[in-house]
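K.L.:
Provided herewith is a single structure, encoded as structure tokens, for subsequent inquiry.
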Amino acid sequence: MKQDGKARAARYAGDVFSRVSVLLFALGCACGAQSGPVVSAPAVASPPAAARASSASPSSSDAPAACSQSWALEDAAGGASQILVVCGNDVRREPAAAGPMARALDPALEVAHERVCSCAQRVRAPASVDLVITAVPAEGRASVEPTDPDASLDPDVAPGFLACVGSIPVTFAKFPADACEGHGATTYVYSLDIELEQR
């Protein structure tokens with residue numbers, strides 16, 4: 001991750017994710033539960049050792065169908081996918097679209113695709129995994145965060161897979177995004193559900 005210093009990066013991550021977590025919770029309370037889009041079907045660090053120690057790895061021929069599909073935001077444009085646009089204390093939902101939104105989120109989506117599919121080849125995968133992609137274009141920073149596993153997922157499988165995926169910082173070329181129109185830096189938050197059923 002590009003950074004001016006480790007302390008600044010730590011403060012940035014804590015501030016952004018604390019704020020976004022509160023905003024996501026508040027929006028969920030106000031708008032009711034809304035599931036993210038479903039993807040059915042490597043420029044990243046190695047997965048943690050704990051995940052590699054998980055039970056027997058699947059064979060390469062057992063890759064989930066989602067791994068053969070594009071996760072790019074532009075491929076979701078025009079569908080039901082919704083993106084949270086965070087402008088200071090204001091949060092709104094907008095349809096997924098090509099342009100600045102995709103430019104900010106696609107680098108993290110590409111890395112998420114690589115990591116999730118790599119983990120699916122290394123360790124047993126649950127039926128699905130939920131990811132939250134956060135991007136701040138003015139800072140050239142993004143992240144991939146798996147959410148806590150759903151209670152319906154196999155408790156012997158999901159934790160090990162999520163440990164393999166881990167939290168992933170992503171960087172890209174900074175650019176101005178005018179979605180907030182002078183009300184602070186734009187932050188995009190994209191929640192999606194990846195189905196990991198085998199082909």
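Here, A, B, ... name the chains of the structure tokens in the order displayed, residue numbers run from 1 inside each chain, and ligands are numbered from 1 in the same displayed order.
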Mind checking DSSP for stretch 47-158 of chain A and telling me the strand (DSSP E or B) residues as a short mmCIF file (atom, residue, chain, number, x, y, z; two decimals) with N, CA and C atoms, in the first residue's frame?
P.N.:
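Output below, filename selection_33.cif:
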```
data_model
loop_
_atom_site.label_atom_id
_atom_site.label_comp_id
_atom_site.auth_asym_id
_atom_site.auth_seq_id
_atom_site.Cartn_x
_atom_site.Cartn_y
_atom_site.Cartn_z
N PRO A 64 -14.77 -23.15 -8.16
CA PRO A 64 -16.15 -22.65 -8.23
C PRO A 64 -16.43 -21.99 -9.57
N GLN A 82 -26.03 -2.35 -6.14
CA GLN A 82 -26.08 -1.02 -5.55
C GLN A 82 -24.76 -0.74 -4.83
N ILE A 83 -24.28 0.49 -4.96
CA ILE A 83 -23.05 0.92 -4.32
C ILE A 83 -23.39 1.99 -3.29
N LEU A 84 -22.79 1.90 -2.11
CA LEU A 84 -22.92 2.97 -1.13
C LEU A 84 -21.92 4.07 -1.48
N VAL A 85 -22.40 5.29 -1.58
CA VAL A 85 -21.55 6.45 -1.81
C VAL A 85 -21.53 7.25 -0.51
N VAL A 86 -20.34 7.34 0.11
CA VAL A 86 -20.20 8.00 1.41
C VAL A 86 -19.54 9.36 1.21
N CYS A 87 -20.25 10.41 1.63
CA CYS A 87 -19.74 11.78 1.54
C CYS A 87 -19.81 12.38 2.94
N ASP A 90 -22.97 11.85 5.06
CA ASP A 90 -24.08 11.52 4.16
C ASP A 90 -23.79 10.21 3.44
N VAL A 91 -24.78 9.34 3.41
CA VAL A 91 -24.64 8.05 2.73
C VAL A 91 -25.85 7.85 1.82
N ARG A 92 -25.58 7.44 0.60
CA ARG A 92 -26.68 7.16 -0.33
C ARG A 92 -26.31 5.95 -1.17
N ARG A 93 -27.34 5.32 -1.72
CA ARG A 93 -27.14 4.18 -2.62
C ARG A 93 -27.28 4.65 -4.06
N GLU A 94 -26.38 4.14 -4.91
CA GLU A 94 -26.45 4.43 -6.33
C GLU A 94 -26.27 3.13 -7.11
N PRO A 95 -26.88 3.02 -8.28
CA PRO A 95 -26.68 1.83 -9.10
C PRO A 95 -25.22 1.71 -9.53
N SER A 128 -20.68 -19.98 0.31
CA SER A 128 -20.58 -18.61 -0.17
C SER A 128 -19.69 -17.81 0.77
N VAL A 129 -19.28 -16.64 0.28
CA VAL A 129 -18.51 -15.71 1.11
C VAL A 129 -18.97 -14.29 0.78
N ASP A 130 -19.15 -13.49 1.81
CA ASP A 130 -19.55 -12.09 1.62
C ASP A 130 -18.32 -11.20 1.75
N LEU A 131 -18.16 -10.28 0.80
CA LEU A 131 -17.03 -9.36 0.81
C LEU A 131 -17.54 -7.93 0.81
N VAL A 132 -16.79 -7.05 1.46
CA VAL A 132 -17.05 -5.62 1.40
C VAL A 132 -15.82 -4.95 0.79
N ILE A 133 -16.03 -4.27 -0.34
CA ILE A 133 -14.96 -3.57 -1.03
C ILE A 133 -15.14 -2.09 -0.75
N THR A 134 -14.10 -1.45 -0.24
CA THR A 134 -14.13 -0.02 0.05
C THR A 134 -13.04 0.67 -0.74
N ALA A 135 -13.35 1.79 -1.39
CA ALA A 135 -12.36 2.51 -2.18
C ALA A 135 -12.51 4.01 -2.00
N VAL A 136 -11.37 4.69 -1.87
CA VAL A 136 -11.33 6.15 -1.76
C VAL A 136 -10.47 6.65 -2.92
N ARG A 141 -6.64 4.45 -2.51
CA ARG A 141 -6.62 3.35 -1.55
C ARG A 141 -7.93 2.57 -1.63
N ALA A 142 -7.82 1.26 -1.49
CA ALA A 142 -9.01 0.41 -1.43
C ALA A 142 -8.69 -0.76 -0.52
N SER A 143 -9.73 -1.50 -0.17
CA SER A 143 -9.54 -2.69 0.67
C SER A 143 -10.61 -3.71 0.37
N VAL A 144 -10.27 -4.94 0.67
CA VAL A 144 -11.21 -6.07 0.57
C VAL A 144 -11.33 -6.66 1.96
N GLU A 145 -12.55 -6.76 2.47
CA GLU A 145 -12.78 -7.30 3.81
C GLU A 145 -13.86 -8.36 3.76
N PRO A 146 -13.56 -9.61 4.16
CA PRO A 146 -14.64 -10.59 4.29
C PRO A 146 -15.45 -10.28 5.54
#
```
K.L.:
Please give the complete set of residues from stretch 65-167 of chain A that DSSP, run on the backbone, assigns to alpha helix (DSSP H), formatted as number ranges by chain.
P.N.:
A: 100-122, 158-165
K.L.:
Once you have the residues from the selection above, write them out as a tab-separated table (two decimals), in the first residue's frame, restricted to N, CA, C and O atoms.
P.N.:
```tsv
chain	number	residue	atom	x	y	z
A	100	PRO	N	-16.06	6.63	-12.88
A	100	PRO	CA	-15.25	6.76	-11.67
A	100	PRO	C	-15.51	5.66	-10.64
A	100	PRO	O	-14.59	5.18	-9.99
A	101	MET	N	-16.76	5.25	-10.50
A	101	MET	CA	-17.11	4.20	-9.54
A	101	MET	C	-16.38	2.90	-9.86
A	101	MET	O	-15.75	2.28	-8.99
A	102	ALA	N	-16.44	2.49	-11.11
A	102	ALA	CA	-15.77	1.26	-11.53
A	102	ALA	C	-14.25	1.42	-11.47
A	102	ALA	O	-13.53	0.50	-11.08
A	103	ARG	N	-13.77	2.59	-11.86
A	103	ARG	CA	-12.32	2.85	-11.84
A	103	ARG	C	-11.75	2.71	-10.43
A	103	ARG	O	-10.63	2.24	-10.25
A	104	ALA	N	-12.54	3.11	-9.42
A	104	ALA	CA	-12.08	3.02	-8.04
A	104	ALA	C	-12.21	1.62	-7.46
A	104	ALA	O	-11.35	1.17	-6.70
A	105	LEU	N	-13.27	0.91	-7.82
A	105	LEU	CA	-13.55	-0.39	-7.21
A	105	LEU	C	-12.93	-1.58	-7.94
A	105	LEU	O	-12.62	-2.61	-7.33
A	106	ASP	N	-12.74	-1.47	-9.25
A	106	ASP	CA	-12.27	-2.62	-10.03
A	106	ASP	C	-10.90	-3.15	-9.61
A	106	ASP	O	-10.69	-4.36	-9.63
A	107	PRO	N	-9.92	-2.30	-9.24
A	107	PRO	CA	-8.64	-2.87	-8.80
A	107	PRO	C	-8.80	-3.82	-7.61
A	107	PRO	O	-8.18	-4.89	-7.56
A	108	ALA	N	-9.65	-3.44	-6.64
A	108	ALA	CA	-9.87	-4.30	-5.48
A	108	ALA	C	-10.68	-5.53	-5.86
A	108	ALA	O	-10.46	-6.63	-5.32
A	109	LEU	N	-11.63	-5.39	-6.78
A	109	LEU	CA	-12.41	-6.54	-7.23
A	109	LEU	C	-11.52	-7.57	-7.93
A	109	LEU	O	-11.70	-8.78	-7.78
A	110	GLU	N	-10.55	-7.09	-8.70
A	110	GLU	CA	-9.63	-8.00	-9.37
A	110	GLU	C	-8.80	-8.77	-8.36
A	110	GLU	O	-8.62	-9.99	-8.47
A	111	VAL	N	-8.27	-8.06	-7.37
A	111	VAL	CA	-7.48	-8.71	-6.33
A	111	VAL	C	-8.34	-9.69	-5.52
A	111	VAL	O	-7.91	-10.79	-5.17
A	112	ALA	N	-9.59	-9.30	-5.22
A	112	ALA	CA	-10.50	-10.19	-4.49
A	112	ALA	C	-10.75	-11.46	-5.27
A	112	ALA	O	-10.76	-12.57	-4.70
A	113	HIS	N	-10.95	-11.33	-6.57
A	113	HIS	CA	-11.17	-12.50	-7.44
A	113	HIS	C	-9.97	-13.44	-7.35
A	113	HIS	O	-10.13	-14.67	-7.17
A	114	GLU	N	-8.78	-12.89	-7.44
A	114	GLU	CA	-7.57	-13.72	-7.39
A	114	GLU	C	-7.43	-14.42	-6.04
A	114	GLU	O	-7.12	-15.61	-5.97
A	115	ARG	N	-7.65	-13.67	-4.95
A	115	ARG	CA	-7.45	-14.25	-3.62
A	115	ARG	C	-8.50	-15.31	-3.31
A	115	ARG	O	-8.16	-16.41	-2.83
A	116	VAL	N	-9.77	-15.00	-3.55
A	116	VAL	CA	-10.83	-15.96	-3.24
A	116	VAL	C	-10.65	-17.24	-4.04
A	116	VAL	O	-10.77	-18.35	-3.50
A	117	CYS	N	-10.35	-17.12	-5.32
A	117	CYS	CA	-10.22	-18.31	-6.16
A	117	CYS	C	-8.95	-19.09	-5.84
A	117	CYS	O	-8.93	-20.31	-5.93
A	118	SER	N	-7.89	-18.38	-5.43
A	118	SER	CA	-6.69	-19.07	-4.97
A	118	SER	C	-6.97	-19.87	-3.71
A	118	SER	O	-6.56	-21.02	-3.57
A	119	CYS	N	-7.71	-19.25	-2.78
A	119	CYS	CA	-8.05	-19.96	-1.54
A	119	CYS	C	-8.95	-21.16	-1.81
A	119	CYS	O	-8.84	-22.19	-1.14
A	120	ALA	N	-9.85	-21.02	-2.79
A	120	ALA	CA	-10.76	-22.13	-3.12
A	120	ALA	C	-9.98	-23.33	-3.64
A	120	ALA	O	-10.46	-24.47	-3.55
A	121	GLN	N	-8.78	-23.10	-4.19
A	121	GLN	CA	-7.94	-24.19	-4.65
A	121	GLN	C	-7.08	-24.78	-3.52
A	121	GLN	O	-6.62	-25.91	-3.63
A	122	ARG	N	-6.89	-24.01	-2.46
A	122	ARG	CA	-6.00	-24.43	-1.38
A	122	ARG	C	-6.72	-25.12	-0.23
A	122	ARG	O	-6.20	-26.06	0.37
A	158	ALA	N	-15.99	-22.48	7.11
A	158	ALA	CA	-16.00	-21.03	6.86
A	158	ALA	C	-14.85	-20.28	7.53
A	158	ALA	O	-14.19	-19.47	6.88
A	159	PRO	N	-14.56	-20.50	8.83
A	159	PRO	CA	-13.50	-19.71	9.47
A	159	PRO	C	-12.14	-19.89	8.80
A	159	PRO	O	-11.39	-18.92	8.61
A	160	GLY	N	-11.80	-21.12	8.43
A	160	GLY	CA	-10.52	-21.36	7.78
A	160	GLY	C	-10.42	-20.69	6.42
A	160	GLY	O	-9.38	-20.15	6.05
A	161	PHE	N	-11.55	-20.68	5.69
A	161	PHE	CA	-11.54	-20.05	4.37
A	161	PHE	C	-11.41	-18.54	4.51
A	161	PHE	O	-10.64	-17.91	3.77
A	162	LEU	N	-12.12	-17.95	5.46
A	162	LEU	CA	-12.03	-16.51	5.67
A	162	LEU	C	-10.64	-16.10	6.14
A	162	LEU	O	-10.14	-15.02	5.80
A	163	ALA	N	-9.99	-16.98	6.92
A	163	ALA	CA	-8.62	-16.70	7.34
A	163	ALA	C	-7.68	-16.70	6.13
A	163	ALA	O	-6.72	-15.92	6.07
A	164	CYS	N	-7.96	-17.56	5.17
A	164	CYS	CA	-7.17	-17.60	3.95
A	164	CYS	C	-7.35	-16.32	3.15
A	164	CYS	O	-6.39	-15.72	2.67
A	165	VAL	N	-8.58	-15.87	3.01
A	165	VAL	CA	-8.86	-14.65	2.25
A	165	VAL	C	-8.26	-13.43	2.95
A	165	VAL	O	-7.54	-12.63	2.35
```
K.L.:
Take atom CA of A:Pro126 and atom CA of A:Pro149 and report the distance between them in Å, one decimal.
P.N.:
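These atoms are spaced 9.1 Å apart.
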K.L.:
Name the residues in contact with A:Glu74 at a cut-off of 8 Å, using only C-alpha atoms, excluding same-chain residues fewer than 6 positions from it; report them as a list in words.
P.N.:
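Contacts, in chain order: Ala96, Ala97, Ala98 and Ala102 of chain A.
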K.L.:
Keeping N, CA and C atoms for every residue in the selection just given, could you write it to a file as a PDB file, in the first residue's frame?
P.N.:
```pdb
ATOM      1  N   ALA A  96     -24.723   0.495  -9.628  1.00  0.00           N
ATOM      2  CA  ALA A  96     -23.370   0.269 -10.134  1.00  0.00           C
ATOM      3  C   ALA A  96     -23.271   0.823 -11.546  1.00  0.00           C
ATOM      4  N   ALA A  97     -22.156   1.498 -11.830  1.00  0.00           N
ATOM      5  CA  ALA A  97     -22.017   2.131 -13.135  1.00  0.00           C
ATOM      6  C   ALA A  97     -20.560   2.163 -13.554  1.00  0.00           C
ATOM      7  N   ALA A  98     -20.329   2.177 -14.852  1.00  0.00           N
ATOM      8  CA  ALA A  98     -18.989   2.375 -15.379  1.00  0.00           C
ATOM      9  C   ALA A  98     -18.590   3.818 -15.101  1.00  0.00           C
ATOM     10  N   ALA A 102     -16.440   2.486 -11.113  1.00  0.00           N
ATOM     11  CA  ALA A 102     -15.769   1.258 -11.535  1.00  0.00           C
ATOM     12  C   ALA A 102     -14.254   1.421 -11.474  1.00  0.00           C
TER      13      ALA A 102
END
```
K.L.:
Ranking A:Arg124, A:Asp156, A:Gly182, A:Gly88 by minimum distance to A:Ala63 and counting only C-alpha atoms, which one comes first?
P.N.:
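Ranking A:Arg124, A:Asp156, A:Gly182, A:Gly88 by distance to A:Ala63, first place goes to A:Arg124.
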K.L.:
Go ahead and compute the interatomic distance for atom CA of A:Ile194 and atom CA of A:Asp148, in Å to one decimal.
P.N.:
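Pair atom CA of A:Ile194 / atom CA of A:Asp148 returns 13.7 Å.
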K.L.:
Suppose you want the space between atom CA of A:Gln69 and atom CA of A:Ser191; what is it in Å?
P.N.:
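So the two atoms, atom CA of A:Gln69 and atom CA of A:Ser191, lie 17.3 Å apart.
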K.L.:
What's around A:Ala185 at 10 Å? Count only C-alpha atoms, leave out sequence neighbours fewer than 2 positions away in its own chain, and write the answer as a PDB file with all heavy atoms, in the first residue's frame.
P.N.:
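So the final result, stored in out.pdb, reads:
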```pdb
ATOM      1  N   VAL A  86     -20.344   7.343   0.115  1.00  0.00           N
ATOM      2  CA  VAL A  86     -20.204   8.001   1.412  1.00  0.00           C
ATOM      3  C   VAL A  86     -19.544   9.357   1.210  1.00  0.00           C
ATOM      4  O   VAL A  86     -18.441   9.445   0.676  1.00  0.00           O
ATOM      5  CB  VAL A  86     -19.364   7.144   2.379  1.00  0.00           C
ATOM      6  CG1 VAL A  86     -19.294   7.808   3.759  1.00  0.00           C
ATOM      7  CG2 VAL A  86     -19.941   5.740   2.498  1.00  0.00           C
ATOM      8  N   CYS A  87     -20.247  10.408   1.627  1.00  0.00           N
ATOM      9  CA  CYS A  87     -19.738  11.778   1.545  1.00  0.00           C
ATOM     10  C   CYS A  87     -19.813  12.381   2.937  1.00  0.00           C
ATOM     11  O   CYS A  87     -20.872  12.891   3.341  1.00  0.00           O
ATOM     12  CB  CYS A  87     -20.563  12.609   0.567  1.00  0.00           C
ATOM     13  SG  CYS A  87     -20.606  11.986  -1.129  1.00  0.00           S
ATOM     14  N   GLY A  88     -18.725  12.309   3.695  1.00  0.00           N
ATOM     15  CA  GLY A  88     -18.771  12.784   5.074  1.00  0.00           C
ATOM     16  C   GLY A  88     -19.782  11.984   5.866  1.00  0.00           C
ATOM     17  O   GLY A  88     -19.675  10.759   5.976  1.00  0.00           O
ATOM     18  N   VAL A 136     -11.374   4.692  -1.868  1.00  0.00           N
ATOM     19  CA  VAL A 136     -11.335   6.149  -1.757  1.00  0.00           C
ATOM     20  C   VAL A 136     -10.470   6.649  -2.917  1.00  0.00           C
ATOM     21  O   VAL A 136      -9.235   6.650  -2.821  1.00  0.00           O
ATOM     22  CB  VAL A 136     -10.749   6.603  -0.405  1.00  0.00           C
ATOM     23  CG1 VAL A 136     -10.826   8.124  -0.269  1.00  0.00           C
ATOM     24  CG2 VAL A 136     -11.472   5.929   0.756  1.00  0.00           C
ATOM     25  N   PRO A 137     -11.061   7.049  -4.029  1.00  0.00           N
ATOM     26  CA  PRO A 137     -10.282   7.412  -5.214  1.00  0.00           C
ATOM     27  C   PRO A 137      -9.299   8.551  -5.011  1.00  0.00           C
ATOM     28  O   PRO A 137      -8.196   8.523  -5.566  1.00  0.00           O
ATOM     29  CB  PRO A 137     -11.355   7.762  -6.252  1.00  0.00           C
ATOM     30  CG  PRO A 137     -12.629   7.940  -5.498  1.00  0.00           C
ATOM     31  CD  PRO A 137     -12.514   7.094  -4.288  1.00  0.00           C
ATOM     32  N   ALA A 138      -9.642   9.547  -4.207  1.00  0.00           N
ATOM     33  CA  ALA A 138      -8.737  10.675  -3.998  1.00  0.00           C
ATOM     34  C   ALA A 138      -7.462  10.265  -3.265  1.00  0.00           C
ATOM     35  O   ALA A 138      -6.438  10.937  -3.350  1.00  0.00           O
ATOM     36  CB  ALA A 138      -9.446  11.783  -3.218  1.00  0.00           C
ATOM     37  N   GLU A 139      -7.529   9.158  -2.543  1.00  0.00           N
ATOM     38  CA  GLU A 139      -6.371   8.641  -1.812  1.00  0.00           C
ATOM     39  C   GLU A 139      -5.686   7.496  -2.547  1.00  0.00           C
ATOM     40  O   GLU A 139      -4.601   7.068  -2.150  1.00  0.00           O
ATOM     41  CB  GLU A 139      -6.803   8.166  -0.418  1.00  0.00           C
ATOM     42  CG  GLU A 139      -7.349   9.258   0.473  1.00  0.00           C
ATOM     43  CD  GLU A 139      -6.259  10.234   0.917  1.00  0.00           C
ATOM     44  OE1 GLU A 139      -5.084   9.827   0.943  1.00  0.00           O
ATOM     45  OE2 GLU A 139      -6.592  11.387   1.239  1.00  0.00           O
ATOM     46  N   PRO A 176      -9.470  12.337  -8.900  1.00  0.00           N
ATOM     47  CA  PRO A 176     -10.583  13.025  -8.242  1.00  0.00           C
ATOM     48  C   PRO A 176     -11.919  12.408  -8.638  1.00  0.00           C
ATOM     49  O   PRO A 176     -12.127  12.042  -9.788  1.00  0.00           O
ATOM     50  CB  PRO A 176     -10.467  14.464  -8.761  1.00  0.00           C
ATOM     51  CG  PRO A 176      -9.806  14.316 -10.102  1.00  0.00           C
ATOM     52  CD  PRO A 176      -8.864  13.153  -9.968  1.00  0.00           C
ATOM     53  N   ALA A 177     -12.795  12.271  -7.680  1.00  0.00           N
ATOM     54  CA  ALA A 177     -14.157  11.792  -7.949  1.00  0.00           C
ATOM     55  C   ALA A 177     -15.116  12.861  -7.424  1.00  0.00           C
ATOM     56  O   ALA A 177     -14.991  13.299  -6.282  1.00  0.00           O
ATOM     57  CB  ALA A 177     -14.415  10.455  -7.262  1.00  0.00           C
ATOM     58  N   ASP A 178     -16.040  13.300  -8.252  1.00  0.00           N
ATOM     59  CA  ASP A 178     -16.900  14.418  -7.878  1.00  0.00           C
ATOM     60  C   ASP A 178     -18.268  13.992  -7.355  1.00  0.00           C
ATOM     61  O   ASP A 178     -19.202  14.780  -7.307  1.00  0.00           O
ATOM     62  CB  ASP A 178     -17.082  15.363  -9.064  1.00  0.00           C
ATOM     63  CG  ASP A 178     -17.681  14.659 -10.282  1.00  0.00           C
ATOM     64  OD1 ASP A 178     -17.993  13.455 -10.181  1.00  0.00           O
ATOM     65  OD2 ASP A 178     -17.834  15.318 -11.327  1.00  0.00           O
ATOM     66  N   ALA A 179     -18.386  12.742  -6.929  1.00  0.00           N
ATOM     67  CA  ALA A 179     -19.686  12.254  -6.458  1.00  0.00           C
ATOM     68  C   ALA A 179     -20.178  13.029  -5.243  1.00  0.00           C
ATOM     69  O   ALA A 179     -21.378  13.113  -4.992  1.00  0.00           O
ATOM     70  CB  ALA A 179     -19.610  10.760  -6.143  1.00  0.00           C
ATOM     71  N   CYS A 180     -19.248  13.593  -4.456  1.00  0.00           N
ATOM     72  CA  CYS A 180     -19.652  14.306  -3.239  1.00  0.00           C
ATOM     73  C   CYS A 180     -19.822  15.803  -3.459  1.00  0.00           C
ATOM     74  O   CYS A 180     -20.275  16.518  -2.557  1.00  0.00           O
ATOM     75  CB  CYS A 180     -18.630  14.055  -2.133  1.00  0.00           C
ATOM     76  SG  CYS A 180     -18.643  12.349  -1.527  1.00  0.00           S
ATOM     77  N   GLU A 181     -19.440  16.304  -4.617  1.00  0.00           N
ATOM     78  CA  GLU A 181     -19.673  17.704  -4.990  1.00  0.00           C
ATOM     79  C   GLU A 181     -19.260  18.679  -3.887  1.00  0.00           C
ATOM     80  O   GLU A 181     -20.053  19.487  -3.410  1.00  0.00           O
ATOM     81  CB  GLU A 181     -21.147  17.918  -5.362  1.00  0.00           C
ATOM     82  CG  GLU A 181     -21.585  17.075  -6.548  1.00  0.00           C
ATOM     83  CD  GLU A 181     -23.060  17.282  -6.890  1.00  0.00           C
ATOM     84  OE1 GLU A 181     -23.784  17.881  -6.070  1.00  0.00           O
ATOM     85  OE2 GLU A 181     -23.460  16.844  -7.979  1.00  0.00           O
ATOM     86  N   GLY A 182     -18.013  18.592  -3.466  1.00  0.00           N
ATOM     87  CA  GLY A 182     -17.493  19.530  -2.481  1.00  0.00           C
ATOM     88  C   GLY A 182     -17.799  19.211  -1.039  1.00  0.00           C
ATOM     89  O   GLY A 182     -17.490  20.002  -0.143  1.00  0.00           O
ATOM     90  N   HIS A 183     -18.379  18.047  -0.776  1.00  0.00           N
ATOM     91  CA  HIS A 183     -18.732  17.666   0.604  1.00  0.00           C
ATOM     92  C   HIS A 183     -17.787  16.606   1.155  1.00  0.00           C
ATOM     93  O   HIS A 183     -18.206  15.710   1.881  1.00  0.00           O
ATOM     94  CB  HIS A 183     -20.178  17.170   0.658  1.00  0.00           C
ATOM     95  CG  HIS A 183     -21.178  18.206   0.278  1.00  0.00           C
ATOM     96  ND1 HIS A 183     -21.454  19.297   1.068  1.00  0.00           N
ATOM     97  CD2 HIS A 183     -21.957  18.337  -0.829  1.00  0.00           C
ATOM     98  CE1 HIS A 183     -22.362  20.054   0.479  1.00  0.00           C
ATOM     99  NE2 HIS A 183     -22.691  19.500  -0.676  1.00  0.00           N
ATOM    100  N   THR A 187     -16.134   8.136  -0.907  1.00  0.00           N
ATOM    101  CA  THR A 187     -15.815   6.750  -0.566  1.00  0.00           C
ATOM    102  C   THR A 187     -16.900   5.866  -1.153  1.00  0.00           C
ATOM    103  O   THR A 187     -18.090   6.120  -0.966  1.00  0.00           O
ATOM    104  CB  THR A 187     -15.762   6.539   0.962  1.00  0.00           C
ATOM    105  OG1 THR A 187     -14.743   7.368   1.525  1.00  0.00           O
ATOM    106  CG2 THR A 187     -15.463   5.080   1.299  1.00  0.00           C
ATOM    107  N   TYR A 188     -16.468   4.843  -1.885  1.00  0.00           N
ATOM    108  CA  TYR A 188     -17.401   3.876  -2.449  1.00  0.00           C
ATOM    109  C   TYR A 188     -17.327   2.589  -1.627  1.00  0.00           C
ATOM    110  O   TYR A 188     -16.237   2.116  -1.304  1.00  0.00           O
ATOM    111  CB  TYR A 188     -17.043   3.548  -3.900  1.00  0.00           C
ATOM    112  CG  TYR A 188     -17.178   4.704  -4.859  1.00  0.00           C
ATOM    113  CD1 TYR A 188     -16.063   5.235  -5.494  1.00  0.00           C
ATOM    114  CD2 TYR A 188     -18.428   5.257  -5.151  1.00  0.00           C
ATOM    115  CE1 TYR A 188     -16.178   6.297  -6.389  1.00  0.00           C
ATOM    116  CE2 TYR A 188     -18.556   6.314  -6.038  1.00  0.00           C
ATOM    117  CZ  TYR A 188     -17.424   6.830  -6.661  1.00  0.00           C
ATOM    118  OH  TYR A 188     -17.538   7.870  -7.545  1.00  0.00           O
TER     119      TYR A 188
END
```
K.L.:
My list of candidates is A:Gly166, A:Ala151, A:Leu196, A:Tyr190. Which is closest to A:Leu73 when distances are computed with only C-alpha atoms?
P.N.:
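Under the stated criterion, the closest residue is A:Tyr190.
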